[in-house]
>>> print(open('final_23.csv').read())   # CSV, N, CA and C atoms
chain,number,residue,atom,x,y,z
A,251,MET,N,-6.8,-5.3,-8.0
A,251,MET,CA,-7.7,-5.5,-6.9
A,251,MET,C,-9.1,-5.0,-7.4
A,252,THR,N,-10.0,-5.9,-7.4
A,252,THR,CA,-11.4,-5.6,-8.0
A,252,THR,C,-12.2,-4.7,-7.1
A,253,GLY,N,-13.0,-3.8,-7.7
A,253,GLY,CA,-13.8,-2.9,-7.0
A,253,GLY,C,-13.2,-1.7,-6.4
A,254,VAL,N,-11.9,-1.5,-6.6
A,254,VAL,CA,-11.2,-0.3,-6.1
A,254,VAL,C,-10.5,0.4,-7.2
A,255,ARG,N,-10.2,1.6,-7.0
A,255,ARG,CA,-9.5,2.4,-8.0
A,255,ARG,C,-8.0,2.1,-8.0
A,256,VAL,N,-7.5,1.6,-9.1
A,256,VAL,CA,-6.1,1.2,-9.2
A,256,VAL,C,-5.2,2.4,-9.5
A,257,LEU,N,-4.1,2.5,-8.7
A,257,LEU,CA,-3.2,3.6,-8.9
A,257,LEU,C,-2.2,3.2,-10.0
A,258,GLY,N,-1.7,4.2,-10.7
A,258,GLY,CA,-0.7,4.0,-11.7
A,258,GLY,C,0.0,5.3,-12.0
A,259,ARG,N,0.4,5.5,-13.3
A,259,ARG,CA,1.2,6.6,-13.6
A,259,ARG,C,0.5,7.9,-13.4
A,260,GLU,N,-0.8,7.9,-13.4
A,260,GLU,CA,-1.5,9.2,-13.2
A,260,GLU,C,-1.3,9.8,-11.8
A,261,HIS,N,-0.7,9.0,-11.0
A,261,HIS,CA,-0.4,9.4,-9.6
A,261,HIS,C,1.1,9.7,-9.4
A,262,GLY,N,1.8,9.9,-10.5
A,262,GLY,CA,3.2,10.3,-10.4
A,262,GLY,C,4.2,9.2,-10.6
A,263,ARG,N,3.8,8.0,-10.6
A,263,ARG,CA,4.7,6.9,-10.7
A,263,ARG,C,4.9,6.6,-12.2
A,264,ASP,N,6.1,6.3,-12.6
A,264,ASP,CA,6.3,5.9,-13.9
A,264,ASP,C,6.7,4.4,-13.8
A,265,ASP,N,5.7,3.5,-14.1
A,265,ASP,CA,5.9,2.1,-13.9
A,265,ASP,C,7.0,1.5,-14.7
A,266,ARG,N,7.3,2.1,-15.9
A,266,ARG,CA,8.3,1.6,-16.8
A,266,ARG,C,9.7,1.9,-16.3
A,267,SER,N,10.0,3.0,-15.7
A,267,SER,CA,11.3,3.4,-15.3
A,267,SER,C,11.7,2.8,-13.9
A,268,GLY,N,10.7,2.6,-13.0
A,268,GLY,CA,11.1,2.2,-11.7
A,268,GLY,C,11.8,3.3,-10.9
A,269,GLY,N,12.0,4.5,-11.5
A,269,GLY,CA,12.7,5.5,-10.8
A,269,GLY,C,11.8,6.6,-10.3
A,270,ARG,N,12.4,7.7,-9.9
A,270,ARG,CA,11.7,8.8,-9.3
A,270,ARG,C,10.9,9.6,-10.4
A,271,ALA,N,9.6,9.7,-10.2
A,271,ALA,CA,8.8,10.5,-11.2
A,271,ALA,C,7.9,11.3,-10.4
A,272,GLY,N,7.8,12.6,-10.6
A,272,GLY,CA,6.9,13.5,-9.9
A,272,GLY,C,7.2,13.5,-8.4
A,273,GLY,N,8.4,13.3,-7.9
A,273,GLY,CA,8.7,13.4,-6.5
A,273,GLY,C,8.4,12.2,-5.7
A,274,VAL,N,8.0,11.1,-6.4
A,274,VAL,CA,7.7,9.9,-5.7
A,274,VAL,C,9.0,9.1,-5.5
A,275,PRO,N,9.2,8.6,-4.3
A,275,PRO,CA,10.5,7.8,-4.0
A,275,PRO,C,10.5,6.6,-4.9
A,276,ALA,N,11.6,6.2,-5.4
A,276,ALA,CA,11.7,5.1,-6.3
A,276,ALA,C,11.5,3.8,-5.4
A,277,LEU,N,12.0,3.8,-4.2
A,277,LEU,CA,11.9,2.7,-3.3
A,277,LEU,C,11.4,3.2,-2.0
A,278,LEU,N,10.5,2.4,-1.3
A,278,LEU,CA,10.0,2.7,0.0
A,278,LEU,C,10.6,1.7,1.0
A,279,GLY,N,11.4,2.3,1.9
A,279,GLY,CA,12.0,1.4,2.9
A,279,GLY,C,11.5,1.8,4.3
A,280,ALA,N,12.3,1.3,5.3
A,280,ALA,CA,11.9,1.5,6.7
A,280,ALA,C,11.8,3.0,7.0
A,281,ALA,N,12.7,3.8,6.5
A,281,ALA,CA,12.8,5.3,6.7
A,281,ALA,C,11.5,5.9,6.3
A,282,GLU,N,11.0,5.6,5.1
A,282,GLU,CA,9.8,6.2,4.6
A,282,GLU,C,8.5,5.6,5.2
A,283,LEU,N,8.6,4.3,5.5
A,283,LEU,CA,7.4,3.6,6.1
A,283,LEU,C,7.2,3.7,7.6
A,284,GLY,N,8.3,4.0,8.3
A,284,GLY,CA,8.2,4.1,9.7
A,284,GLY,C,8.3,2.7,10.4
A,285,ALA,N,8.5,1.7,9.7
A,285,ALA,CA,8.6,0.3,10.2
A,285,ALA,C,9.4,-0.6,9.2
A,286,GLU,N,9.8,-1.7,9.7
A,286,GLU,CA,10.6,-2.6,8.9
A,286,GLU,C,9.8,-3.3,7.8
A,287,PRO,N,10.1,-3.2,6.5
A,287,PRO,CA,9.3,-3.9,5.5
A,287,PRO,C,9.5,-5.4,5.6
A,288,GLY,N,8.6,-6.1,4.9
A,288,GLY,CA,8.7,-7.6,4.9
A,288,GLY,C,9.9,-8.0,4.0
A,289,ARG,N,10.4,-9.2,4.3
A,289,ARG,CA,11.5,-9.8,3.6
A,289,ARG,C,11.2,-10.1,2.1
A,290,ARG,N,9.9,-10.5,1.9
A,290,ARG,CA,9.5,-10.9,0.5
A,290,ARG,C,8.6,-9.8,-0.1
A,291,ALA,N,7.7,-9.2,0.7
A,291,ALA,CA,6.8,-8.2,0.2
A,291,ALA,C,6.2,-7.4,1.4
A,292,THR,N,5.6,-6.3,1.1
A,292,THR,CA,5.0,-5.4,2.1
A,292,THR,C,3.7,-4.9,1.7
A,293,LEU,N,2.7,-5.0,2.5
A,293,LEU,CA,1.4,-4.4,2.3
A,293,LEU,C,1.3,-3.1,3.1
A,294,VAL,N,1.3,-2.0,2.4
A,294,VAL,CA,1.2,-0.7,3.0
A,294,VAL,C,-0.2,-0.2,2.9
A,295,GLN,N,-0.8,0.2,4.1
A,295,GLN,CA,-2.1,0.7,4.2
A,295,GLN,C,-2.1,2.1,4.7
A,296,PHE,N,-2.7,3.0,3.9
A,296,PHE,CA,-2.9,4.4,4.4
A,296,PHE,C,-4.3,4.5,4.9
A,297,SER,N,-4.4,4.9,6.2
A,297,SER,CA,-5.7,5.0,6.9
A,297,SER,C,-5.9,6.3,7.5
A,298,SER,N,-7.1,6.6,8.0
A,298,SER,CA,-7.4,7.7,8.8
A,298,SER,C,-8.3,7.3,9.9
A,299,ALA,N,-8.3,8.1,11.0
A,299,ALA,CA,-8.9,7.8,12.3
A,299,ALA,C,-10.3,7.3,12.2
A,300,PHE,N,-11.2,8.0,11.5
A,300,PHE,CA,-12.6,7.7,11.5
A,300,PHE,C,-13.1,7.0,10.3
A,301,CYS,N,-12.2,6.3,9.6
A,301,CYS,CA,-12.5,5.6,8.3
A,301,CYS,C,-12.9,4.1,8.7
A,302,GLN,N,-14.2,3.9,8.5
A,302,GLN,CA,-14.7,2.5,8.8
A,302,GLN,C,-14.1,1.5,7.8
A,303,PRO,N,-14.0,1.7,6.5
A,303,PRO,CA,-13.4,0.7,5.7
A,303,PRO,C,-12.0,0.4,6.0
A,304,CYS,N,-11.3,1.4,6.7
A,304,CYS,CA,-9.9,1.2,7.1
A,304,CYS,C,-9.8,0.0,8.1
A,305,ARG,N,-10.8,-0.1,9.0
A,305,ARG,CA,-10.7,-1.1,10.0
A,305,ARG,C,-10.9,-2.5,9.3
A,306,ALA,N,-11.8,-2.6,8.4
A,306,ALA,CA,-11.9,-3.9,7.7
A,306,ALA,C,-10.7,-4.2,6.9
A,307,THR,N,-10.1,-3.2,6.2
A,307,THR,CA,-8.9,-3.4,5.4
A,307,THR,C,-7.8,-3.9,6.3
A,308,ARG,N,-7.7,-3.3,7.5
A,308,ARG,CA,-6.6,-3.7,8.5
A,308,ARG,C,-6.7,-5.2,8.8
A,309,ARG,N,-8.0,-5.7,9.0
A,309,ARG,CA,-8.2,-7.1,9.3
A,309,ARG,C,-7.8,-8.0,8.1
A,310,ILE,N,-8.2,-7.6,6.9
A,310,ILE,CA,-7.9,-8.3,5.7
A,310,ILE,C,-6.3,-8.4,5.5
A,311,LEU,N,-5.7,-7.3,5.6
A,311,LEU,CA,-4.2,-7.3,5.3
A,311,LEU,C,-3.5,-8.0,6.4
A,312,ALA,N,-3.9,-7.9,7.7
A,312,ALA,CA,-3.3,-8.7,8.8
A,312,ALA,C,-3.4,-10.2,8.5
A,313,GLU,N,-4.6,-10.6,8.1
A,313,GLU,CA,-4.8,-12.0,7.8
A,313,GLU,C,-3.9,-12.5,6.7
A,314,VAL,N,-3.8,-11.7,5.6
A,314,VAL,CA,-3.0,-12.1,4.5
A,314,VAL,C,-1.5,-12.2,4.9
A,315,SER,N,-1.1,-11.1,5.6
A,315,SER,CA,0.4,-11.1,5.9
A,315,SER,C,0.7,-12.2,6.9
A,316,ALA,N,-0.2,-12.7,7.7
A,316,ALA,CA,0.0,-13.8,8.6
A,316,ALA,C,0.0,-15.1,7.8
A,317,MET,N,-0.7,-15.2,6.7
A,317,MET,CA,-0.7,-16.4,5.9
A,317,MET,C,0.5,-16.6,5.0
A,318,VAL,N,1.1,-15.5,4.6
A,318,VAL,CA,2.2,-15.6,3.7
A,318,VAL,C,3.6,-15.2,4.4
A,319,GLU,N,4.5,-16.2,4.4
A,319,GLU,CA,5.7,-16.0,5.1
A,319,GLU,C,6.5,-14.9,4.4
A,320,GLY,N,7.1,-14.0,5.2
A,320,GLY,CA,8.0,-12.9,4.7
A,320,GLY,C,7.2,-11.7,4.2
A,321,VAL,N,5.9,-11.6,4.5
A,321,VAL,CA,5.1,-10.5,4.1
A,321,VAL,C,4.7,-9.7,5.3
A,322,ALA,N,5.0,-8.4,5.3
A,322,ALA,CA,4.6,-7.5,6.4
A,322,ALA,C,3.4,-6.6,6.1
A,323,HIS,N,2.7,-6.2,7.1
A,323,HIS,CA,1.6,-5.3,6.9
A,323,HIS,C,2.0,-4.0,7.7
A,324,ILE,N,2.1,-2.9,7.0
A,324,ILE,CA,2.4,-1.6,7.7
A,324,ILE,C,1.3,-0.7,7.5
A,325,GLU,N,0.7,-0.2,8.6
A,325,GLU,CA,-0.4,0.8,8.5
A,325,GLU,C,0.2,2.2,8.8
A,326,ILE,N,-0.2,3.1,7.9
A,326,ILE,CA,0.3,4.5,8.0
A,326,ILE,C,-0.9,5.4,8.2
A,327,ASP,N,-0.8,6.3,9.2
A,327,ASP,CA,-1.9,7.3,9.5
A,327,ASP,C,-1.7,8.4,8.4
A,328,ALA,N,-2.6,8.5,7.5
A,328,ALA,CA,-2.4,9.5,6.4
A,328,ALA,C,-2.3,10.9,6.9
A,329,GLU,N,-3.0,11.3,8.0
A,329,GLU,CA,-2.9,12.6,8.5
A,329,GLU,C,-1.5,12.9,9.1
A,330,GLU,N,-0.9,11.9,9.7
A,330,GLU,CA,0.4,12.1,10.3
A,330,GLU,C,1.6,12.1,9.3
A,331,ARG,N,1.3,11.5,8.1
A,331,ARG,CA,2.3,11.4,7.1
A,331,ARG,C,1.9,12.1,5.8
A,332,LEU,N,1.5,13.4,5.9
A,332,LEU,CA,1.0,14.1,4.7
A,332,LEU,C,2.1,14.2,3.6
A,333,ASP,N,3.3,14.3,4.0
A,333,ASP,CA,4.4,14.4,3.1
A,333,ASP,C,4.4,13.2,2.1
A,334,LEU,N,4.3,12.0,2.7
A,334,LEU,CA,4.3,10.8,1.9
A,334,LEU,C,3.0,10.6,1.1
A,335,VAL,N,1.9,11.0,1.7
A,335,VAL,CA,0.6,11.0,1.1
A,335,VAL,C,0.6,11.8,-0.2
A,336,ARG,N,1.2,13.0,-0.1
A,336,ARG,CA,1.2,13.9,-1.2
A,336,ARG,C,2.2,13.4,-2.3
A,337,ALA,N,3.4,12.9,-1.8
A,337,ALA,CA,4.4,12.4,-2.8
A,337,ALA,C,3.8,11.2,-3.6
A,338,LEU,N,3.0,10.4,-2.9
A,338,LEU,CA,2.5,9.2,-3.6
A,338,LEU,C,1.1,9.4,-4.3
A,339,GLY,N,0.6,10.6,-4.1
A,339,GLY,CA,-0.7,10.9,-4.8
A,339,GLY,C,-1.9,10.2,-4.1
A,340,ILE,N,-1.8,9.9,-2.9
A,340,ILE,CA,-2.9,9.2,-2.1
A,340,ILE,C,-4.0,10.2,-2.0
A,341,GLU,N,-5.2,9.8,-2.5
A,341,GLU,CA,-6.4,10.7,-2.4
A,341,GLU,C,-7.5,10.3,-1.5
A,342,LYS,N,-7.5,9.1,-1.1
A,342,LYS,CA,-8.5,8.6,-0.1
A,342,LYS,C,-8.0,7.5,0.7
A,343,THR,N,-8.7,7.2,1.8
A,343,THR,CA,-8.4,6.1,2.7
A,343,THR,C,-9.6,5.1,2.7
A,344,PRO,N,-9.3,3.8,2.7
A,344,PRO,CA,-8.0,3.2,2.7
A,344,PRO,C,-7.4,3.2,1.3
A,345,THR,N,-6.1,3.3,1.2
A,345,THR,CA,-5.3,3.0,0.0
A,345,THR,C,-4.3,2.0,0.4
A,346,VAL,N,-4.2,1.0,-0.4
A,346,VAL,CA,-3.2,-0.1,-0.2
A,346,VAL,C,-2.2,-0.2,-1.3
A,347,LEU,N,-0.9,-0.2,-0.9
A,347,LEU,CA,0.2,-0.4,-1.9
A,347,LEU,C,0.8,-1.7,-1.6
A,348,VAL,N,1.2,-2.4,-2.6
A,348,VAL,CA,1.9,-3.7,-2.5
A,348,VAL,C,3.3,-3.4,-3.0
A,349,LEU,N,4.3,-3.7,-2.1
A,349,LEU,CA,5.7,-3.4,-2.4
A,349,LEU,C,6.4,-4.8,-2.6
A,350,ASP,N,7.4,-4.8,-3.5
A,350,ASP,CA,8.2,-6.0,-3.6
A,350,ASP,C,9.3,-6.0,-2.6
A,351,ALA,N,10.2,-7.0,-2.6
A,351,ALA,CA,11.2,-7.1,-1.6
A,351,ALA,C,12.2,-5.9,-1.6
A,352,ALA,N,12.3,-5.3,-2.7
A,352,ALA,CA,13.2,-4.1,-2.9
A,352,ALA,C,12.6,-2.8,-2.4
A,353,GLY,N,11.2,-2.8,-2.2
A,353,GLY,CA,10.5,-1.6,-1.8
A,353,GLY,C,9.9,-0.9,-3.0
A,354,ARG,N,9.8,-1.5,-4.2
A,354,ARG,CA,9.2,-0.9,-5.3
A,354,ARG,C,7.7,-1.2,-5.3
A,355,ILE,N,6.9,-0.1,-5.6
A,355,ILE,CA,5.4,-0.3,-5.7
A,355,ILE,C,5.1,-1.1,-6.9
A,356,VAL,N,4.5,-2.3,-6.7
A,356,VAL,CA,4.1,-3.1,-7.8
A,356,VAL,C,2.6,-3.1,-8.1
A,357,ARG,N,1.8,-2.8,-7.1
A,357,ARG,CA,0.4,-2.7,-7.2
A,357,ARG,C,-0.1,-1.7,-6.2
A,358,GLY,N,-1.2,-1.0,-6.5
A,358,GLY,CA,-1.9,-0.1,-5.5
A,358,GLY,C,-3.3,0.1,-5.9
A,359,ALA,N,-4.1,0.3,-4.9
A,359,ALA,CA,-5.5,0.6,-5.1
A,359,ALA,C,-6.1,1.3,-3.9
A,360,ALA,N,-7.1,2.2,-4.2
A,360,ALA,CA,-7.8,2.9,-3.2
A,360,ALA,C,-9.2,2.2,-3.0
A,361,GLY,N,-9.6,2.1,-1.7
A,361,GLY,CA,-10.8,1.5,-1.4
A,361,GLY,C,-10.5,0.2,-0.7
A,362,MET,N,-11.6,-0.4,-0.1
A,362,MET,CA,-11.4,-1.7,0.7
A,362,MET,C,-11.2,-2.8,-0.3
A,363,PRO,N,-10.1,-3.6,-0.2
A,363,PRO,CA,-9.9,-4.7,-1.1
A,363,PRO,C,-10.5,-6.0,-0.6
A,364,ARG,N,-10.7,-6.9,-1.5
A,364,ARG,CA,-11.1,-8.2,-1.2
A,364,ARG,C,-9.9,-9.0,-0.9
A,365,LYS,N,-10.0,-10.0,0.0
A,365,LYS,CA,-8.9,-10.8,0.5
A,365,LYS,C,-8.2,-11.5,-0.7
A,366,ALA,N,-9.1,-12.1,-1.6
A,366,ALA,CA,-8.6,-12.8,-2.8
A,366,ALA,C,-7.8,-11.9,-3.7
A,367,ASP,N,-8.2,-10.6,-3.8
A,367,ASP,CA,-7.5,-9.6,-4.7
A,367,ASP,C,-6.1,-9.3,-4.1
A,368,VAL,N,-6.1,-9.2,-2.7
A,368,VAL,CA,-4.8,-8.9,-2.1
A,368,VAL,C,-3.8,-10.0,-2.3
A,369,ILE,N,-4.3,-11.3,-2.2
A,369,ILE,CA,-3.4,-12.4,-2.4
A,369,ILE,C,-3.0,-12.4,-3.8
A,370,ALA,N,-3.8,-12.2,-4.8
A,370,ALA,CA,-3.4,-12.1,-6.2
A,370,ALA,C,-2.4,-11.0,-6.5
A,371,ALA,N,-2.6,-9.8,-5.8
A,371,ALA,CA,-1.7,-8.7,-6.0
A,371,ALA,C,-0.3,-9.1,-5.5
A,372,LEU,N,-0.3,-9.9,-4.4
A,372,LEU,CA,1.0,-10.3,-3.8
A,372,LEU,C,1.8,-11.1,-4.8
A,373,GLY,N,1.1,-11.8,-5.7
A,373,GLY,CA,1.8,-12.6,-6.7
A,373,GLY,C,2.7,-11.8,-7.6
A,374,ALA,N,2.3,-10.5,-7.8
A,374,ALA,CA,3.2,-9.6,-8.7
A,374,ALA,C,4.4,-9.2,-7.9
A,375,ALA,N,4.4,-9.3,-6.6
A,375,ALA,CA,5.5,-8.8,-5.8
A,375,ALA,C,6.5,-9.9,-5.4
A,376,ILE,N,6.0,-11.1,-5.3
A,376,ILE,CA,6.8,-12.2,-4.8
A,376,ILE,C,7.4,-13.0,-5.9
>>> encode(input="final_23.csv", output="structure tokens")
Amino acid sequence: MTGVRVLGREHGRDDRSGGRAGGVPALLGAAELGAEPGRRATLVQFSSAFCQPCRATRRILAEVSAMVEGVAHIEIDAEERLDLVRALGIEKTPTVLVLDAAGRIVRGAAGMPRKADVIAALGAAI
């Protein structure tokens, strides 16, 4: 996702193993996300109440999830889910994670994404 800070192993994920590294859940499902993930992929957005870019990100992710069958958009209030924020190394809002059908994080970035970049990132998950 262009123009945003891409998350990777520096945030506790070991992309090679797909397993638990640094306390990060190997898979994110309904229990961790607080909502049912998409059948094909899930766009997870970490937001905060007074974050202006979070509103625009919400619109972008909602549009993309409506365009692509089997893709869900789940928005998480970062202040209410500090446990998950800390486990995933989320440092700012908005942060977007792209999960595959199994709930593995395949892409992630902090900052407001461009619609085209979100669609391209979905390609890694589907």
>>> closest_residue(input="final_23.csv", among="A:Met362, A:Leu338, A:Leu372, A:Ala322", to="A:Ala306", atoms="only C-alpha atoms")
A:Met362
>>> closest_residue(input="final_23.csv", among="A:Pro275, A:Thr307, A:Val294, A:Phe300", to="A:Lys365", atoms="only C-alpha atoms")
A:Thr307
>>> atom_distance(input="final_23.csv", atom1="atom C of A:Arg308", atom2="atom C of A:Ala352")
22.4 Å
>>> residues_near_point(input="final_23.csv", point="(-11.9, 8.0, 9.8)", cutoff="12 Å", atoms="only C-alpha atoms", output="VMD selection string")
chain A and resid 296 to 305 327 to 329 342 to 344
>>> write_last_selection(input="final_23.csv", atoms="N, CA and C atoms", output="CSV table (one decimal), keeping the file's coordinate frame")
chain,number,residue,atom,x,y,z
A,296,PHE,N,-2.7,3.0,3.9
A,296,PHE,CA,-2.9,4.4,4.4
A,296,PHE,C,-4.3,4.5,4.9
A,297,SER,N,-4.4,4.9,6.2
A,297,SER,CA,-5.7,5.0,6.9
A,297,SER,C,-5.9,6.3,7.5
A,298,SER,N,-7.1,6.6,8.0
A,298,SER,CA,-7.4,7.7,8.8
A,298,SER,C,-8.3,7.3,9.9
A,299,ALA,N,-8.3,8.1,11.0
A,299,ALA,CA,-8.9,7.8,12.3
A,299,ALA,C,-10.3,7.3,12.2
A,300,PHE,N,-11.2,8.0,11.5
A,300,PHE,CA,-12.6,7.7,11.5
A,300,PHE,C,-13.1,7.0,10.3
A,301,CYS,N,-12.2,6.3,9.6
A,301,CYS,CA,-12.5,5.6,8.3
A,301,CYS,C,-12.9,4.1,8.7
A,302,GLN,N,-14.2,3.9,8.5
A,302,GLN,CA,-14.7,2.5,8.8
A,302,GLN,C,-14.1,1.5,7.8
A,303,PRO,N,-14.0,1.7,6.5
A,303,PRO,CA,-13.4,0.7,5.7
A,303,PRO,C,-12.0,0.4,6.0
A,304,CYS,N,-11.3,1.4,6.7
A,304,CYS,CA,-9.9,1.2,7.1
A,304,CYS,C,-9.8,0.0,8.1
A,305,ARG,N,-10.8,-0.1,9.0
A,305,ARG,CA,-10.7,-1.1,10.0
A,305,ARG,C,-10.9,-2.5,9.3
A,327,ASP,N,-0.8,6.3,9.2
A,327,ASP,CA,-1.9,7.3,9.5
A,327,ASP,C,-1.7,8.4,8.4
A,328,ALA,N,-2.6,8.5,7.5
A,328,ALA,CA,-2.4,9.5,6.4
A,328,ALA,C,-2.3,10.9,6.9
A,329,GLU,N,-3.0,11.3,8.0
A,329,GLU,CA,-2.9,12.6,8.5
A,329,GLU,C,-1.5,12.9,9.1
A,342,LYS,N,-7.5,9.1,-1.1
A,342,LYS,CA,-8.5,8.6,-0.1
A,342,LYS,C,-8.0,7.5,0.7
A,343,THR,N,-8.7,7.2,1.8
A,343,THR,CA,-8.4,6.1,2.7
A,343,THR,C,-9.6,5.1,2.7
A,344,PRO,N,-9.3,3.8,2.7
A,344,PRO,CA,-8.0,3.2,2.7
A,344,PRO,C,-7.4,3.2,1.3
>>> atom_distance(input="final_23.csv", atom1="atom N of A:Arg336", atom2="atom C of A:Arg309")
24.3 Å
>>> closest_residue(input="final_23.csv", among="A:Ala281, A:Ala360, A:Ala366, A:Ala374", to="A:Thr345", atoms="only N, CA and C atoms")
A:Ala360
>>> atom_distance(input="final_23.csv", atom1="atom C of A:Ala316", atom2="atom CA of A:Arg364")
15.9 Å
>>> residues_around(input="final_23.csv", residues="A:Ile324", least_positions_apart="2", cutoff="8 Å", atoms="only N, CA and C atoms", output="compact mmCIF listing (two decimals) with N, CA and C atoms, keeping the file's coordinate frame")
# COMPACT_ATOMS: atom_id res chain seq x y z
N LEU A 283 8.60 4.30 5.50
CA LEU A 283 7.40 3.60 6.10
C LEU A 283 7.20 3.70 7.60
N GLY A 284 8.30 4.00 8.30
CA GLY A 284 8.20 4.10 9.70
C GLY A 284 8.30 2.70 10.40
N ALA A 285 8.50 1.70 9.70
CA ALA A 285 8.60 0.30 10.20
C ALA A 285 9.40 -0.60 9.20
N GLU A 286 9.80 -1.70 9.70
CA GLU A 286 10.60 -2.60 8.90
C GLU A 286 9.80 -3.30 7.80
N PRO A 287 10.10 -3.20 6.50
CA PRO A 287 9.30 -3.90 5.50
C PRO A 287 9.50 -5.40 5.60
N GLY A 288 8.60 -6.10 4.90
CA GLY A 288 8.70 -7.60 4.90
C GLY A 288 9.90 -8.00 4.00
N THR A 292 5.60 -6.30 1.10
CA THR A 292 5.00 -5.40 2.10
C THR A 292 3.70 -4.90 1.70
N LEU A 293 2.70 -5.00 2.50
CA LEU A 293 1.40 -4.40 2.30
C LEU A 293 1.30 -3.10 3.10
N VAL A 294 1.30 -2.00 2.40
CA VAL A 294 1.20 -0.70 3.00
C VAL A 294 -0.20 -0.20 2.90
N GLN A 295 -0.80 0.20 4.10
CA GLN A 295 -2.10 0.70 4.20
C GLN A 295 -2.10 2.10 4.70
N PHE A 296 -2.70 3.00 3.90
CA PHE A 296 -2.90 4.40 4.40
C PHE A 296 -4.30 4.50 4.90
N LEU A 311 -5.70 -7.30 5.60
CA LEU A 311 -4.20 -7.30 5.30
C LEU A 311 -3.50 -8.00 6.40
N ALA A 312 -3.90 -7.90 7.70
CA ALA A 312 -3.30 -8.70 8.80
C ALA A 312 -3.40 -10.20 8.50
N VAL A 321 5.90 -11.60 4.50
CA VAL A 321 5.10 -10.50 4.10
C VAL A 321 4.70 -9.70 5.30
N ALA A 322 5.00 -8.40 5.30
CA ALA A 322 4.60 -7.50 6.40
C ALA A 322 3.40 -6.60 6.10
N ILE A 326 -0.20 3.10 7.90
CA ILE A 326 0.30 4.50 8.00
C ILE A 326 -0.90 5.40 8.20
N ASP A 327 -0.80 6.30 9.20
CA ASP A 327 -1.90 7.30 9.50
C ASP A 327 -1.70 8.40 8.40
>>> select_by_dssp(input="final_23.csv", residues="chain A", states="helix (DSSP H, G or I)", output="PyMOL selection string")
chain A and resi 259-261+280-283+302-317+332-338+365-375
